[in-house]
Amino acid sequence: MSRAAARVPAGLLLAAALGAAGLPLPAQADIYSCVNARGQRLTADRPIAECMDREQQVRGADGSVRRILPPSMTAEERAAAEDRRRREQLEERTRRDAIRHDRNLLSRYPDIERHNEAREAALEPVRSAMQSTDKRMEELERERRQLREEAEFYKGRELPRSLRQKIEQNQVATQAQKDAMQSHQAENRRINASFDQELARLRQLWNGATPGSLAAPSSAAR
């Protein structure tokens with residue numbers, strides 16, 4: 001047997017012989033082959049440890065290449081590849097979410113009139129609450145003036161306990177209404193800011209921007 005033939009796996013030699021004789025090929029294990037760092041071609045019936053840092057061809061019994069075994073990665077390389085895969089998946093989800101978000105916007109608000117109607121509907125409960133708070137503060141102010149007039153009768157003397165309690169209750173209730181008004185005003189600003197931001201995006205979509213092509217939409221909820 002020549003030196004070159006000695007380097008060929010027995011499985012490949014047998015396959016060649018049977019093929020030449022026209023006989024069916026027996027089931028054989030895969031044959032792995034690669035060229036190592038020194039330029040030598042190696043073959044084996046299992047992955048070749050010396051070639052773990054480079055790709056290996058996996059051949060069948062008939063000598064044809066069935067698949068390519070990629071180089072094995074180090075722990076650091078696997079971690080980097082996994083991190084890259086997660087980033088790509090996140091970017092793809094973000095892109096799909098942006099497309100869905102923009103299409104929903106266009107479906108919900110085909111024109112500015114529809115968007116203005118939605119803004120007014122969202123602001124209506126807040127405006128109603130602000131009116132109720134204003135009305136309550138006016139009532140408390142009238143009550144405060146009456147209590148002040150009543151307290152004048154006791155000028156220079158200690159106020160009756162019941163009167164002191166009414167004054168304190170009025171002060172507490174007035175502060176609560178002031179706090180509520182500040183909250184209503186903040187909510188009013190938030191809703192308007194959200195609709196303003198949404199309208200700016202809609203204007204671009206109405207003018208032909210492709211859904212999902214704009215910057216990621218704000219997550220601010222109404």
# chains A, B, ... in the order shown; residues from 1 in each chain; ligands from 1
>>> residues_around(residues="Pro217 of chain A", least_positions_apart="3", cutoff="8 Å", atoms="only C-alpha atoms", output="PyMOL selection string")
chain A and resi 98+101+214
>>> residues_around(residues="Lys178 of chain A", least_positions_apart="4", cutoff="9 Å", atoms="only C-alpha atoms", output="PyMOL selection string")
chain A and resi 133+137+173-174+182-183
>>> write_last_selection(atoms="all heavy atoms", output="PDB file, in the first residue's frame")
ATOM      1  N   THR A 133     -62.865  71.298  41.795  1.00  0.00           N
ATOM      2  CA  THR A 133     -61.916  71.775  42.801  1.00  0.00           C
ATOM      3  C   THR A 133     -62.036  73.281  42.984  1.00  0.00           C
ATOM      4  O   THR A 133     -61.999  73.790  44.113  1.00  0.00           O
ATOM      5  CB  THR A 133     -60.479  71.398  42.406  1.00  0.00           C
ATOM      6  OG1 THR A 133     -60.392  69.973  42.295  1.00  0.00           O
ATOM      7  CG2 THR A 133     -59.477  71.884  43.434  1.00  0.00           C
ATOM      8  N   MET A 137     -63.008  75.196  46.455  1.00  0.00           N
ATOM      9  CA  MET A 137     -62.145  76.207  47.040  1.00  0.00           C
ATOM     10  C   MET A 137     -62.904  77.514  47.273  1.00  0.00           C
ATOM     11  O   MET A 137     -62.659  78.217  48.260  1.00  0.00           O
ATOM     12  CB  MET A 137     -60.930  76.441  46.126  1.00  0.00           C
ATOM     13  CG  MET A 137     -59.955  75.267  46.108  1.00  0.00           C
ATOM     14  SD  MET A 137     -58.496  75.553  45.092  1.00  0.00           S
ATOM     15  CE  MET A 137     -57.624  76.781  46.069  1.00  0.00           C
ATOM     16  N   ALA A 173     -58.685  71.428  54.767  1.00  0.00           N
ATOM     17  CA  ALA A 173     -59.457  71.182  53.556  1.00  0.00           C
ATOM     18  C   ALA A 173     -58.981  72.075  52.408  1.00  0.00           C
ATOM     19  O   ALA A 173     -58.900  71.639  51.253  1.00  0.00           O
ATOM     20  CB  ALA A 173     -60.938  71.413  53.824  1.00  0.00           C
ATOM     21  N   THR A 174     -58.644  73.328  52.727  1.00  0.00           N
ATOM     22  CA  THR A 174     -58.152  74.251  51.698  1.00  0.00           C
ATOM     23  C   THR A 174     -56.828  73.759  51.111  1.00  0.00           C
ATOM     24  O   THR A 174     -56.626  73.789  49.895  1.00  0.00           O
ATOM     25  CB  THR A 174     -57.970  75.658  52.283  1.00  0.00           C
ATOM     26  OG1 THR A 174     -59.252  76.146  52.743  1.00  0.00           O
ATOM     27  CG2 THR A 174     -57.415  76.619  51.241  1.00  0.00           C
ATOM     28  N   GLN A 182     -53.096  71.240  41.941  1.00  0.00           N
ATOM     29  CA  GLN A 182     -51.763  71.065  41.360  1.00  0.00           C
ATOM     30  C   GLN A 182     -51.661  69.731  40.618  1.00  0.00           C
ATOM     31  O   GLN A 182     -51.054  69.647  39.546  1.00  0.00           O
ATOM     32  CB  GLN A 182     -50.698  71.141  42.462  1.00  0.00           C
ATOM     33  CG  GLN A 182     -50.506  72.536  43.028  1.00  0.00           C
ATOM     34  CD  GLN A 182     -49.424  72.574  44.097  1.00  0.00           C
ATOM     35  OE1 GLN A 182     -48.949  71.529  44.554  1.00  0.00           O
ATOM     36  NE2 GLN A 182     -49.038  73.772  44.515  1.00  0.00           N
ATOM     37  N   SER A 183     -52.273  68.708  41.200  1.00  0.00           N
ATOM     38  CA  SER A 183     -52.268  67.393  40.554  1.00  0.00           C
ATOM     39  C   SER A 183     -53.049  67.427  39.242  1.00  0.00           C
ATOM     40  O   SER A 183     -52.599  66.871  38.226  1.00  0.00           O
ATOM     41  CB  SER A 183     -52.869  66.353  41.503  1.00  0.00           C
ATOM     42  OG  SER A 183     -52.937  65.088  40.894  1.00  0.00           O
TER      43      SER A 183
END
>>> select_by_dssp(residues="segment 51-89 of chain A", states="alpha helix (DSSP H)", output="list in words")
Ala75, Glu76, Glu77, Arg78, Ala79, Ala80, Ala81, Glu82, Asp83, Arg84, Arg85, Arg86, Arg87, Glu88 and Gln89 of chain A
>>> write_last_selection(atoms="N, CA, C and O atoms", output="PDB file, in the first residue's frame")
ATOM      1  N   ALA A  75     -15.311  30.185  25.635  1.00  0.00           N
ATOM      2  CA  ALA A  75     -16.408  30.656  26.484  1.00  0.00           C
ATOM      3  C   ALA A  75     -16.675  32.135  26.244  1.00  0.00           C
ATOM      4  O   ALA A  75     -17.834  32.574  26.188  1.00  0.00           O
ATOM      5  N   GLU A  76     -15.592  32.913  26.086  1.00  0.00           N
ATOM      6  CA  GLU A  76     -15.754  34.340  25.846  1.00  0.00           C
ATOM      7  C   GLU A  76     -16.407  34.593  24.487  1.00  0.00           C
ATOM      8  O   GLU A  76     -17.277  35.469  24.351  1.00  0.00           O
ATOM      9  N   GLU A  77     -16.010  33.807  23.481  1.00  0.00           N
ATOM     10  CA  GLU A  77     -16.594  33.966  22.147  1.00  0.00           C
ATOM     11  C   GLU A  77     -18.070  33.581  22.149  1.00  0.00           C
ATOM     12  O   GLU A  77     -18.900  34.233  21.506  1.00  0.00           O
ATOM     13  N   ARG A  78     -18.397  32.508  22.869  1.00  0.00           N
ATOM     14  CA  ARG A  78     -19.813  32.109  22.952  1.00  0.00           C
ATOM     15  C   ARG A  78     -20.638  33.178  23.648  1.00  0.00           C
ATOM     16  O   ARG A  78     -21.762  33.478  23.233  1.00  0.00           O
ATOM     17  N   ALA A  79     -20.088  33.770  24.715  1.00  0.00           N
ATOM     18  CA  ALA A  79     -20.803  34.829  25.440  1.00  0.00           C
ATOM     19  C   ALA A  79     -21.013  36.041  24.543  1.00  0.00           C
ATOM     20  O   ALA A  79     -22.094  36.645  24.533  1.00  0.00           O
ATOM     21  N   ALA A  80     -19.984  36.383  23.778  1.00  0.00           N
ATOM     22  CA  ALA A  80     -20.099  37.526  22.874  1.00  0.00           C
ATOM     23  C   ALA A  80     -21.125  37.248  21.771  1.00  0.00           C
ATOM     24  O   ALA A  80     -21.920  38.129  21.417  1.00  0.00           O
ATOM     25  N   ALA A  81     -21.113  36.020  21.252  1.00  0.00           N
ATOM     26  CA  ALA A  81     -22.070  35.656  20.205  1.00  0.00           C
ATOM     27  C   ALA A  81     -23.497  35.680  20.753  1.00  0.00           C
ATOM     28  O   ALA A  81     -24.429  36.134  20.076  1.00  0.00           O
ATOM     29  N   GLU A  82     -23.680  35.186  21.974  1.00  0.00           N
ATOM     30  CA  GLU A  82     -25.010  35.193  22.585  1.00  0.00           C
ATOM     31  C   GLU A  82     -25.482  36.615  22.837  1.00  0.00           C
ATOM     32  O   GLU A  82     -26.661  36.940  22.622  1.00  0.00           O
ATOM     33  N   ASP A  83     -24.568  37.473  23.295  1.00  0.00           N
ATOM     34  CA  ASP A  83     -24.928  38.877  23.524  1.00  0.00           C
ATOM     35  C   ASP A  83     -25.314  39.546  22.211  1.00  0.00           C
ATOM     36  O   ASP A  83     -26.285  40.310  22.154  1.00  0.00           O
ATOM     37  N   ARG A  84     -24.562  39.241  21.151  1.00  0.00           N
ATOM     38  CA  ARG A  84     -24.880  39.802  19.838  1.00  0.00           C
ATOM     39  C   ARG A  84     -26.240  39.298  19.356  1.00  0.00           C
ATOM     40  O   ARG A  84     -27.033  40.073  18.799  1.00  0.00           O
ATOM     41  N   ARG A  85     -26.523  38.031  19.586  1.00  0.00           N
ATOM     42  CA  ARG A  85     -27.822  37.470  19.181  1.00  0.00           C
ATOM     43  C   ARG A  85     -28.969  38.140  19.930  1.00  0.00           C
ATOM     44  O   ARG A  85     -30.008  38.468  19.329  1.00  0.00           O
ATOM     45  N   ARG A  86     -28.782  38.368  21.246  1.00  0.00           N
ATOM     46  CA  ARG A  86     -29.839  39.022  22.025  1.00  0.00           C
ATOM     47  C   ARG A  86     -30.072  40.455  21.546  1.00  0.00           C
ATOM     48  O   ARG A  86     -31.226  40.911  21.473  1.00  0.00           O
ATOM     49  N   ARG A  87     -28.981  41.160  21.238  1.00  0.00           N
ATOM     50  CA  ARG A  87     -29.132  42.535  20.746  1.00  0.00           C
ATOM     51  C   ARG A  87     -29.873  42.565  19.414  1.00  0.00           C
ATOM     52  O   ARG A  87     -30.746  43.419  19.199  1.00  0.00           O
ATOM     53  N   GLU A  88     -29.538  41.632  18.543  1.00  0.00           N
ATOM     54  CA  GLU A  88     -30.215  41.574  17.250  1.00  0.00           C
ATOM     55  C   GLU A  88     -31.698  41.256  17.420  1.00  0.00           C
ATOM     56  O   GLU A  88     -32.549  41.825  16.723  1.00  0.00           O
ATOM     57  N   GLN A  89     -32.007  40.344  18.342  1.00  0.00           N
ATOM     58  CA  GLN A  89     -33.410  40.007  18.595  1.00  0.00           C
ATOM     59  C   GLN A  89     -34.163  41.204  19.164  1.00  0.00           C
ATOM     60  O   GLN A  89     -35.314  41.472  18.778  1.00  0.00           O
TER      61      GLN A  89
END
>>> select_by_dssp(residues="chain A", states="strand (DSSP E or B)", output="number ranges by chain")
A: 31-35, 41-44, 56-59, 65-69
>>> closest_residue(among="A:Ser64, A:Val58, A:Leu199, A:Gln185", to="Pro125 of chain A", atoms="only C-alpha atoms")
A:Gln185
>>> residues_around(residues="Arg38 of chain A", least_positions_apart="4", cutoff="12 Å", atoms="only C-alpha atoms", output="ChimeraX atom specification")
/A:34,42,50-51
>>> write_last_selection(atoms="C-alpha atoms", output="PDB file, in the first residue's frame")
ATOM      1  CA  CYS A  34      -9.535  19.371   8.041  1.00  0.00           C
ATOM      2  CA  LEU A  42      -6.213  15.159   8.808  1.00  0.00           C
ATOM      3  CA  GLU A  50      -6.361  19.538  16.532  1.00  0.00           C
ATOM      4  CA  CYS A  51      -8.801  21.384  14.262  1.00  0.00           C
TER       5      CYS A  51
END
>>> closest_residue(among="A:Thr94, A:Asn188, A:Asn116, A:Asn170", to="Arg136 of chain A", atoms="only C-alpha atoms")
A:Asn170
>>> closest_residue(among="A:Val126, A:Leu106, A:Ala61, A:Leu159", to="His184 of chain A", atoms="only C-alpha atoms")
A:Val126
